[in-house]
Amino acid sequence: MELATSHPGFADPVYRDRRNGIAALALNHTPGDPIPVAEYTDEEHHVWALVTRELAVKHEKYAVREFLDAAARLGLPADRIPQLQEVSDLLHPLTGFRYLPAAGLVPLREFYGVLADGLFHSTQYIRHHSVPFYTPEPDVIHEVIGHANTLASPRFAELYRAAGRAARRVETDEALEFVSKVFWFTLEFGVMREDGEVRAYGAGILSSYGEIEEFRGMDIRPLDLVDMGTTAYDITKYQETLFEAASFDQLEDVVGEFWDTCDDDAVRRLASHAPTT
Ligand SMILES: [Fe+2]
């Protein structure tokens with residue numbers, strides 16, 4: 001894959017080779033086989049250790065309790081990048097989820113659909129070591145520190161599965177996009193009221209050293225399916241619009257229930273209520 005000139009690894013041919021080699025492991029992987037071992041450099045393990053240490057401090061301050069408890073149960077290594085097979089083996093006994101290696105972006109229907117089977121597509125390469133706290137693309141830090149820690153919670157894991165069932169149930173691309181936007185504004189970038197504070201549970205916030213310090217200052221709106229399913233977002237920037245669940249129960253009642261029941265007609269009716277501005 002060609003990297004954009006703005007990618008921090010663009011001018012580093014050794015990094016590009018390794019990144020592309022790791023991505024290629026996923027292309028040759030057959031589901032059910034052990035996930036191929038990715039070779040990382042000492043510098044890359046150091047990036048993981050640094051980010052893990054710094055994020056752990058921020059998680060105590062900003063993450064919801066359910067995430068902190070799940071992360072403690074999962075017990076990811078702090079000093080080195082775990083192999084995806086190892087992550088999968090730690091996760092499976094907790095919530096039944098397993099990891100699948102992905103070369104990069106996976107088509108929406110495939111990515112979301114297999115969540116229903118307890119499978120999570122994950123990139124395996126890591127960001128460039130020159131900028132440990134930034135990545136322009138999902139990397140193993142986002143996929144594992146953000147998502148695996150969340151997937152170690154039975155309550156969150158059930159929401160991921162429900163999103164997968166919804167993605168399989170809807171047939172039109174419009175409905176799938178609506179379902180995926182609700183996922184974006186909840187399981188990727190959701191925040192929640194807890195003990196009188198706004199705390200994060202979205203994997204995108206919880207894996208981002210910069211964004212986790214900024215989310216409380218964003219435009220935070222109440223949890224609303226129509227608003228989430230029809231609001232545009234830009235993946236290259238910090239998310240300026242966030243949606244706050246009043247509680248975990250509300251997240252399950254509103255979003256879990258939507259994913260559990262929605263079909264093309266239901267999504268069309270919801271989308272028709274969106275403001276036309
Ligand atoms: Fe993600």
# chains A, B, ... in the order shown; residues from 1 in each chain; ligands from 1
>>> closest_atom_pairs(of="chain A", to="ligand 1", cutoff="7 Å", atoms="only C-alpha atoms and all ligand atoms", output="JSON lines")
{"residue": "A:Pro138", "atom": "CA", "partner": "ligand 1", "partner_atom_place_in_ligand_line": "1 (Fe)", "distance": 6.6}
{"residue": "A:His142", "atom": "CA", "partner": "ligand 1", "partner_atom_place_in_ligand_line": "1 (Fe)", "distance": 6.5}
{"residue": "A:Glu143", "atom": "CA", "partner": "ligand 1", "partner_atom_place_in_ligand_line": "1 (Fe)", "distance": 6.0}
{"residue": "A:His147", "atom": "CA", "partner": "ligand 1", "partner_atom_place_in_ligand_line": "1 (Fe)", "distance": 6.6}
{"residue": "A:Glu188", "atom": "CA", "partner": "ligand 1", "partner_atom_place_in_ligand_line": "1 (Fe)", "distance": 5.6}
{"residue": "A:Ala203", "atom": "CA", "partner": "ligand 1", "partner_atom_place_in_ligand_line": "1 (Fe)", "distance": 6.0}
{"residue": "A:Gly204", "atom": "CA", "partner": "ligand 1", "partner_atom_place_in_ligand_line": "1 (Fe)", "distance": 5.8}
>>> write_last_selection(atoms="all heavy atoms", output="PDB file, in the first residue's frame")
ATOM      1  N   PRO A 138      -5.558   3.599  11.804  1.00  0.00           N
ATOM      2  CA  PRO A 138      -5.654   2.679  12.947  1.00  0.00           C
ATOM      3  C   PRO A 138      -4.423   1.775  12.966  1.00  0.00           C
ATOM      4  O   PRO A 138      -4.070   1.199  11.944  1.00  0.00           O
ATOM      5  CB  PRO A 138      -6.914   1.852  12.651  1.00  0.00           C
ATOM      6  CG  PRO A 138      -7.657   2.604  11.598  1.00  0.00           C
ATOM      7  CD  PRO A 138      -6.629   3.390  10.832  1.00  0.00           C
ATOM      8  N   HIS A 142      -4.153   1.459  18.631  1.00  0.00           N
ATOM      9  CA  HIS A 142      -5.587   1.761  18.634  1.00  0.00           C
ATOM     10  C   HIS A 142      -6.417   0.477  18.773  1.00  0.00           C
ATOM     11  O   HIS A 142      -7.332   0.398  19.591  1.00  0.00           O
ATOM     12  CB  HIS A 142      -5.981   2.495  17.348  1.00  0.00           C
ATOM     13  CG  HIS A 142      -7.461   2.563  17.154  1.00  0.00           C
ATOM     14  ND1 HIS A 142      -8.285   3.361  17.927  1.00  0.00           N
ATOM     15  CD2 HIS A 142      -8.284   1.886  16.320  1.00  0.00           C
ATOM     16  CE1 HIS A 142      -9.540   3.185  17.556  1.00  0.00           C
ATOM     17  NE2 HIS A 142      -9.581   2.293  16.596  1.00  0.00           N
ATOM     18  N   GLU A 143      -6.090  -0.513  17.973  1.00  0.00           N
ATOM     19  CA  GLU A 143      -6.911  -1.731  17.916  1.00  0.00           C
ATOM     20  C   GLU A 143      -6.889  -2.527  19.212  1.00  0.00           C
ATOM     21  O   GLU A 143      -7.865  -3.169  19.581  1.00  0.00           O
ATOM     22  CB  GLU A 143      -6.407  -2.658  16.793  1.00  0.00           C
ATOM     23  CG  GLU A 143      -6.196  -1.998  15.444  1.00  0.00           C
ATOM     24  CD  GLU A 143      -7.472  -1.826  14.634  1.00  0.00           C
ATOM     25  OE1 GLU A 143      -8.553  -1.666  15.230  1.00  0.00           O
ATOM     26  OE2 GLU A 143      -7.361  -1.855  13.386  1.00  0.00           O
ATOM     27  N   HIS A 147      -9.585  -1.056  21.529  1.00  0.00           N
ATOM     28  CA  HIS A 147     -10.684  -2.013  21.344  1.00  0.00           C
ATOM     29  C   HIS A 147     -10.591  -3.264  22.208  1.00  0.00           C
ATOM     30  O   HIS A 147     -11.605  -3.718  22.729  1.00  0.00           O
ATOM     31  CB  HIS A 147     -10.784  -2.408  19.869  1.00  0.00           C
ATOM     32  CG  HIS A 147     -11.365  -1.329  19.006  1.00  0.00           C
ATOM     33  ND1 HIS A 147     -12.686  -0.917  19.090  1.00  0.00           N
ATOM     34  CD2 HIS A 147     -10.811  -0.563  18.037  1.00  0.00           C
ATOM     35  CE1 HIS A 147     -12.924   0.035  18.208  1.00  0.00           C
ATOM     36  NE2 HIS A 147     -11.791   0.285  17.553  1.00  0.00           N
ATOM     37  N   GLU A 188     -16.642   3.914  18.960  1.00  0.00           N
ATOM     38  CA  GLU A 188     -15.364   4.549  18.616  1.00  0.00           C
ATOM     39  C   GLU A 188     -15.136   5.854  19.390  1.00  0.00           C
ATOM     40  O   GLU A 188     -14.026   6.121  19.826  1.00  0.00           O
ATOM     41  CB  GLU A 188     -15.268   4.849  17.112  1.00  0.00           C
ATOM     42  CG  GLU A 188     -15.023   3.638  16.229  1.00  0.00           C
ATOM     43  CD  GLU A 188     -13.618   3.021  16.340  1.00  0.00           C
ATOM     44  OE1 GLU A 188     -12.743   3.598  17.007  1.00  0.00           O
ATOM     45  OE2 GLU A 188     -13.429   1.934  15.763  1.00  0.00           O
ATOM     46  N   ALA A 203     -13.223   3.678  21.782  1.00  0.00           N
ATOM     47  CA  ALA A 203     -11.844   3.209  21.597  1.00  0.00           C
ATOM     48  C   ALA A 203     -10.965   4.262  20.942  1.00  0.00           C
ATOM     49  O   ALA A 203      -9.760   4.315  21.196  1.00  0.00           O
ATOM     50  CB  ALA A 203     -11.840   1.928  20.757  1.00  0.00           C
ATOM     51  N   GLY A 204     -11.547   5.107  20.098  1.00  0.00           N
ATOM     52  CA  GLY A 204     -10.771   6.135  19.422  1.00  0.00           C
ATOM     53  C   GLY A 204     -10.254   7.186  20.396  1.00  0.00           C
ATOM     54  O   GLY A 204      -9.121   7.658  20.266  1.00  0.00           O
TER      55      GLY A 204
END
>>> select_by_dssp(residues="segment 22-227 of chain A", states="strand (DSSP E)", output="list in words")
Arg98, Tyr99, Leu100, Pro101, Leu119, Phe120, His121, Ser122, Val191, Met192, Arg193, Glu194, Glu197, Val198, Arg199, Ala200, Asp219, Ile220, Arg221 and Pro222 of chain A
>>> closest_residue(among="A:Val140, A:Ala71, A:Ile126, A:Ala103", to="Tyr15 of chain A", atoms="only C-alpha atoms")
A:Ile126
>>> closest_residue(among="A:Leu84, A:Lys58, A:Pro154, A:Leu50", to="Gly96 of chain A", atoms="only C-alpha atoms")
A:Pro154
>>> residues_around(residues="His92 of chain A", least_positions_apart="4", cutoff="10 Å", atoms="only C-alpha atoms", output="tab-separated table (two decimals) with C-alpha atoms, in the first residue's frame")
chain	number	residue	atom	x	y	z
A	74	LEU	CA	-7.43	-8.54	30.24
A	87	VAL	CA	-4.45	-10.70	22.52
A	88	SER	CA	-7.01	-13.09	21.09
A	96	GLY	CA	-15.72	-15.00	23.43
A	97	PHE	CA	-14.15	-12.43	21.09
A	98	ARG	CA	-11.21	-13.36	18.87
A	99	TYR	CA	-8.94	-11.15	16.76
A	118	GLY	CA	-17.30	-12.44	17.96
A	119	LEU	CA	-14.53	-11.62	15.48
A	151	LEU	CA	-14.02	-6.01	24.21
A	152	ALA	CA	-12.89	-7.57	27.50
>>> closest_residue(among="A:His45, A:Tyr209, A:Phe120, A:Phe156", to="Val57 of chain A", atoms="only C-alpha atoms")
A:Tyr209
>>> select_by_dssp(residues="segment 62-214 of chain A", states="helix (DSSP H, G or I)", output="MDAnalysis selection string")
chainID A and resid 62 65:74 84:95 108:117 140:151 154:169 173:188 203:206 211:214
>>> write_last_selection(atoms="C-alpha atoms", output="PDB file, in the first residue's frame")
ATOM      1  CA  TYR A  62     -11.006   9.941  31.893  1.00  0.00           C
ATOM      2  CA  ARG A  65     -15.247   2.290  35.167  1.00  0.00           C
ATOM      3  CA  GLU A  66     -16.388  -0.580  32.927  1.00  0.00           C
ATOM      4  CA  PHE A  67     -13.329  -0.013  30.695  1.00  0.00           C
ATOM      5  CA  LEU A  68     -10.889   0.198  33.621  1.00  0.00           C
ATOM      6  CA  ASP A  69     -12.225  -3.031  35.120  1.00  0.00           C
ATOM      7  CA  ALA A  70     -12.116  -4.827  31.770  1.00  0.00           C
ATOM      8  CA  ALA A  71      -8.557  -3.649  31.071  1.00  0.00           C
ATOM      9  CA  ALA A  72      -7.456  -4.936  34.467  1.00  0.00           C
ATOM     10  CA  ARG A  73      -8.975  -8.343  33.720  1.00  0.00           C
ATOM     11  CA  LEU A  74      -7.431  -8.545  30.240  1.00  0.00           C
ATOM     12  CA  LEU A  84      -2.509 -10.447  17.990  1.00  0.00           C
ATOM     13  CA  GLN A  85      -2.761 -14.176  18.703  1.00  0.00           C
ATOM     14  CA  GLU A  86      -1.826 -13.475  22.292  1.00  0.00           C
ATOM     15  CA  VAL A  87      -4.450 -10.704  22.521  1.00  0.00           C
ATOM     16  CA  SER A  88      -7.014 -13.093  21.094  1.00  0.00           C
ATOM     17  CA  ASP A  89      -6.074 -15.816  23.592  1.00  0.00           C
ATOM     18  CA  LEU A  90      -6.403 -13.399  26.515  1.00  0.00           C
ATOM     19  CA  LEU A  91      -9.717 -12.032  25.279  1.00  0.00           C
ATOM     20  CA  HIS A  92     -11.540 -15.176  24.248  1.00  0.00           C
ATOM     21  CA  PRO A  93     -12.092 -16.652  27.729  1.00  0.00           C
ATOM     22  CA  LEU A  94     -13.490 -13.303  28.926  1.00  0.00           C
ATOM     23  CA  THR A  95     -16.107 -12.508  26.289  1.00  0.00           C
ATOM     24  CA  LEU A 108     -17.805  -1.998   6.128  1.00  0.00           C
ATOM     25  CA  ARG A 109     -20.115  -4.954   5.673  1.00  0.00           C
ATOM     26  CA  GLU A 110     -17.336  -7.416   6.387  1.00  0.00           C
ATOM     27  CA  PHE A 111     -15.821  -5.489   9.292  1.00  0.00           C
ATOM     28  CA  TYR A 112     -19.132  -5.042  11.100  1.00  0.00           C
ATOM     29  CA  GLY A 113     -20.758  -8.295  10.030  1.00  0.00           C
ATOM     30  CA  VAL A 114     -18.233 -10.585  11.692  1.00  0.00           C
ATOM     31  CA  LEU A 115     -18.615  -8.741  14.994  1.00  0.00           C
ATOM     32  CA  ALA A 116     -21.812 -10.789  15.283  1.00  0.00           C
ATOM     33  CA  ASP A 117     -19.596 -13.898  15.300  1.00  0.00           C
ATOM     34  CA  VAL A 140      -2.077  -1.969  16.775  1.00  0.00           C
ATOM     35  CA  ILE A 141      -2.121   0.564  19.621  1.00  0.00           C
ATOM     36  CA  HIS A 142      -5.587   1.761  18.634  1.00  0.00           C
ATOM     37  CA  GLU A 143      -6.911  -1.731  17.916  1.00  0.00           C
ATOM     38  CA  VAL A 144      -5.603  -3.343  21.070  1.00  0.00           C
ATOM     39  CA  ILE A 145      -5.367  -0.651  23.757  1.00  0.00           C
ATOM     40  CA  GLY A 146      -8.605   0.927  22.525  1.00  0.00           C
ATOM     41  CA  HIS A 147     -10.684  -2.013  21.344  1.00  0.00           C
ATOM     42  CA  ALA A 148      -9.363  -5.142  23.092  1.00  0.00           C
ATOM     43  CA  ASN A 149      -9.628  -3.543  26.514  1.00  0.00           C
ATOM     44  CA  THR A 150     -13.222  -2.596  25.698  1.00  0.00           C
ATOM     45  CA  LEU A 151     -14.022  -6.007  24.213  1.00  0.00           C
ATOM     46  CA  PRO A 154     -19.118  -8.489  28.594  1.00  0.00           C
ATOM     47  CA  ARG A 155     -21.441  -5.471  28.392  1.00  0.00           C
ATOM     48  CA  PHE A 156     -19.400  -3.732  25.712  1.00  0.00           C
ATOM     49  CA  ALA A 157     -18.776  -6.999  23.871  1.00  0.00           C
ATOM     50  CA  GLU A 158     -22.524  -7.523  23.617  1.00  0.00           C
ATOM     51  CA  LEU A 159     -22.931  -4.072  22.075  1.00  0.00           C
ATOM     52  CA  TYR A 160     -20.252  -4.888  19.488  1.00  0.00           C
ATOM     53  CA  ARG A 161     -22.079  -8.113  18.650  1.00  0.00           C
ATOM     54  CA  ALA A 162     -25.376  -6.251  18.341  1.00  0.00           C
ATOM     55  CA  ALA A 163     -23.765  -3.805  15.894  1.00  0.00           C
ATOM     56  CA  GLY A 164     -22.616  -6.809  13.878  1.00  0.00           C
ATOM     57  CA  ARG A 165     -26.093  -8.325  13.799  1.00  0.00           C
ATOM     58  CA  ALA A 166     -27.507  -4.979  12.666  1.00  0.00           C
ATOM     59  CA  ALA A 167     -24.935  -4.723   9.872  1.00  0.00           C
ATOM     60  CA  ARG A 168     -25.935  -8.179   8.682  1.00  0.00           C
ATOM     61  CA  ARG A 169     -29.670  -7.461   8.900  1.00  0.00           C
ATOM     62  CA  ASP A 173     -25.860   0.810   1.757  1.00  0.00           C
ATOM     63  CA  GLU A 174     -27.686   3.787   3.274  1.00  0.00           C
ATOM     64  CA  ALA A 175     -28.882   1.731   6.229  1.00  0.00           C
ATOM     65  CA  LEU A 176     -25.434   0.199   6.706  1.00  0.00           C
ATOM     66  CA  GLU A 177     -23.893   3.648   6.741  1.00  0.00           C
ATOM     67  CA  PHE A 178     -26.390   4.777   9.392  1.00  0.00           C
ATOM     68  CA  VAL A 179     -25.563   1.724  11.528  1.00  0.00           C
ATOM     69  CA  SER A 180     -21.839   2.373  11.121  1.00  0.00           C
ATOM     70  CA  LYS A 181     -22.187   6.037  12.072  1.00  0.00           C
ATOM     71  CA  VAL A 182     -23.971   5.064  15.257  1.00  0.00           C
ATOM     72  CA  PHE A 183     -21.011   2.729  15.917  1.00  0.00           C
ATOM     73  CA  TRP A 184     -18.586   5.585  15.210  1.00  0.00           C
ATOM     74  CA  PHE A 185     -20.253   7.959  17.655  1.00  0.00           C
ATOM     75  CA  THR A 186     -20.582   5.307  20.367  1.00  0.00           C
ATOM     76  CA  LEU A 187     -18.039   2.471  20.384  1.00  0.00           C
ATOM     77  CA  GLU A 188     -15.364   4.549  18.616  1.00  0.00           C
ATOM     78  CA  ALA A 203     -11.844   3.209  21.597  1.00  0.00           C
ATOM     79  CA  GLY A 204     -10.771   6.135  19.422  1.00  0.00           C
ATOM     80  CA  ILE A 205     -10.627   8.511  22.377  1.00  0.00           C
ATOM     81  CA  LEU A 206      -9.153   5.977  24.798  1.00  0.00           C
ATOM     82  CA  GLU A 211      -7.735  13.488  22.012  1.00  0.00           C
ATOM     83  CA  ILE A 212      -8.323  12.103  25.487  1.00  0.00           C
ATOM     84  CA  GLU A 213      -7.263  15.479  26.912  1.00  0.00           C
ATOM     85  CA  GLU A 214      -9.578  17.401  24.597  1.00  0.00           C
TER      86      GLU A 214
END
>>> atom_distance(atom1="atom CA of Phe10 of chain A", atom2="atom CA of Tyr134 of chain A")
14.0 Å
>>> closest_residue(among="A:Ala11, A:His129, A:Phe215, A:Asp224", to="His273 of chain A", atoms="only C-alpha atoms")
A:Asp224
>>> decode(residues="segment 113-138 of chain A", atoms="N, CA and C atoms", output="PDB file, in the first residue's frame")
ATOM      1  N   GLY A 113     -20.010  -7.028  10.044  1.00  0.00           N
ATOM      2  CA  GLY A 113     -20.758  -8.295  10.030  1.00  0.00           C
ATOM      3  C   GLY A 113     -20.158  -9.343  10.948  1.00  0.00           C
ATOM      4  N   VAL A 114     -18.839  -9.514  10.899  1.00  0.00           N
ATOM      5  CA  VAL A 114     -18.233 -10.585  11.692  1.00  0.00           C
ATOM      6  C   VAL A 114     -18.179 -10.272  13.191  1.00  0.00           C
ATOM      7  N   LEU A 115     -18.487  -9.024  13.558  1.00  0.00           N
ATOM      8  CA  LEU A 115     -18.615  -8.741  14.994  1.00  0.00           C
ATOM      9  C   LEU A 115     -19.701  -9.629  15.604  1.00  0.00           C
ATOM     10  N   ALA A 116     -20.722  -9.929  14.800  1.00  0.00           N
ATOM     11  CA  ALA A 116     -21.812 -10.789  15.283  1.00  0.00           C
ATOM     12  C   ALA A 116     -21.300 -12.175  15.646  1.00  0.00           C
ATOM     13  N   ASP A 117     -20.204 -12.590  15.016  1.00  0.00           N
ATOM     14  CA  ASP A 117     -19.596 -13.898  15.300  1.00  0.00           C
ATOM     15  C   ASP A 117     -18.491 -13.795  16.361  1.00  0.00           C
ATOM     16  N   GLY A 118     -18.349 -12.606  16.953  1.00  0.00           N
ATOM     17  CA  GLY A 118     -17.300 -12.440  17.955  1.00  0.00           C
ATOM     18  C   GLY A 118     -15.915 -12.339  17.345  1.00  0.00           C
ATOM     19  N   LEU A 119     -15.834 -11.774  16.147  1.00  0.00           N
ATOM     20  CA  LEU A 119     -14.533 -11.619  15.481  1.00  0.00           C
ATOM     21  C   LEU A 119     -14.254 -10.140  15.260  1.00  0.00           C
ATOM     22  N   PHE A 120     -13.033  -9.729  15.558  1.00  0.00           N
ATOM     23  CA  PHE A 120     -12.656  -8.328  15.406  1.00  0.00           C
ATOM     24  C   PHE A 120     -11.447  -8.204  14.491  1.00  0.00           C
ATOM     25  N   HIS A 121     -11.628  -7.490  13.375  1.00  0.00           N
ATOM     26  CA  HIS A 121     -10.532  -7.249  12.428  1.00  0.00           C
ATOM     27  C   HIS A 121      -9.594  -6.194  12.986  1.00  0.00           C
ATOM     28  N   SER A 122      -8.322  -6.489  12.981  1.00  0.00           N
ATOM     29  CA  SER A 122      -7.354  -5.577  13.577  1.00  0.00           C
ATOM     30  C   SER A 122      -6.116  -5.443  12.709  1.00  0.00           C
ATOM     31  N   THR A 123      -5.669  -4.194  12.526  1.00  0.00           N
ATOM     32  CA  THR A 123      -4.354  -4.015  11.903  1.00  0.00           C
ATOM     33  C   THR A 123      -3.296  -4.489  12.892  1.00  0.00           C
ATOM     34  N   GLN A 124      -2.119  -4.785  12.376  1.00  0.00           N
ATOM     35  CA  GLN A 124      -1.077  -5.403  13.202  1.00  0.00           C
ATOM     36  C   GLN A 124       0.182  -4.520  13.248  1.00  0.00           C
ATOM     37  N   TYR A 125       0.307  -3.623  12.280  1.00  0.00           N
ATOM     38  CA  TYR A 125       1.478  -2.742  12.265  1.00  0.00           C
ATOM     39  C   TYR A 125       1.299  -1.620  13.275  1.00  0.00           C
ATOM     40  N   ILE A 126       2.423  -0.990  13.607  1.00  0.00           N
ATOM     41  CA  ILE A 126       2.396   0.089  14.602  1.00  0.00           C
ATOM     42  C   ILE A 126       2.839   1.396  13.956  1.00  0.00           C
ATOM     43  N   ARG A 127       2.397   2.489  14.522  1.00  0.00           N
ATOM     44  CA  ARG A 127       2.749   3.836  14.060  1.00  0.00           C
ATOM     45  C   ARG A 127       4.262   4.038  13.984  1.00  0.00           C
ATOM     46  N   HIS A 128       4.682   5.088  13.298  1.00  0.00           N
ATOM     47  CA  HIS A 128       6.114   5.377  13.166  1.00  0.00           C
ATOM     48  C   HIS A 128       6.676   5.869  14.517  1.00  0.00           C
ATOM     49  N   HIS A 129       7.851   5.359  14.871  1.00  0.00           N
ATOM     50  CA  HIS A 129       8.406   5.645  16.195  1.00  0.00           C
ATOM     51  C   HIS A 129       8.789   7.102  16.407  1.00  0.00           C
ATOM     52  N   SER A 130       8.871   7.889  15.317  1.00  0.00           N
ATOM     53  CA  SER A 130       9.275   9.295  15.472  1.00  0.00           C
ATOM     54  C   SER A 130       8.175  10.137  16.125  1.00  0.00           C
ATOM     55  N   VAL A 131       6.929   9.676  16.039  1.00  0.00           N
ATOM     56  CA  VAL A 131       5.817  10.419  16.652  1.00  0.00           C
ATOM     57  C   VAL A 131       4.936   9.440  17.443  1.00  0.00           C
ATOM     58  N   PRO A 132       5.413   9.031  18.615  1.00  0.00           N
ATOM     59  CA  PRO A 132       4.727   7.952  19.343  1.00  0.00           C
ATOM     60  C   PRO A 132       3.277   8.256  19.721  1.00  0.00           C
ATOM     61  N   PHE A 133       2.934   9.541  19.791  1.00  0.00           N
ATOM     62  CA  PHE A 133       1.578   9.856  20.251  1.00  0.00           C
ATOM     63  C   PHE A 133       0.632  10.224  19.119  1.00  0.00           C
ATOM     64  N   TYR A 134       1.030   9.895  17.889  1.00  0.00           N
ATOM     65  CA  TYR A 134       0.152  10.234  16.754  1.00  0.00           C
ATOM     66  C   TYR A 134       0.144   9.099  15.745  1.00  0.00           C
ATOM     67  N   THR A 135      -1.016   8.824  15.176  1.00  0.00           N
ATOM     68  CA  THR A 135      -1.083   7.922  14.020  1.00  0.00           C
ATOM     69  C   THR A 135      -2.191   8.386  13.089  1.00  0.00           C
ATOM     70  N   PRO A 136      -1.910   8.414  11.778  1.00  0.00           N
ATOM     71  CA  PRO A 136      -2.949   8.837  10.836  1.00  0.00           C
ATOM     72  C   PRO A 136      -3.875   7.680  10.454  1.00  0.00           C
ATOM     73  N   GLU A 137      -3.565   6.478  10.914  1.00  0.00           N
ATOM     74  CA  GLU A 137      -4.366   5.311  10.531  1.00  0.00           C
ATOM     75  C   GLU A 137      -4.496   4.417  11.755  1.00  0.00           C
ATOM     76  N   PRO A 138      -5.558   3.599  11.804  1.00  0.00           N
ATOM     77  CA  PRO A 138      -5.654   2.679  12.947  1.00  0.00           C
ATOM     78  C   PRO A 138      -4.423   1.775  12.966  1.00  0.00           C
TER      79      PRO A 138
END
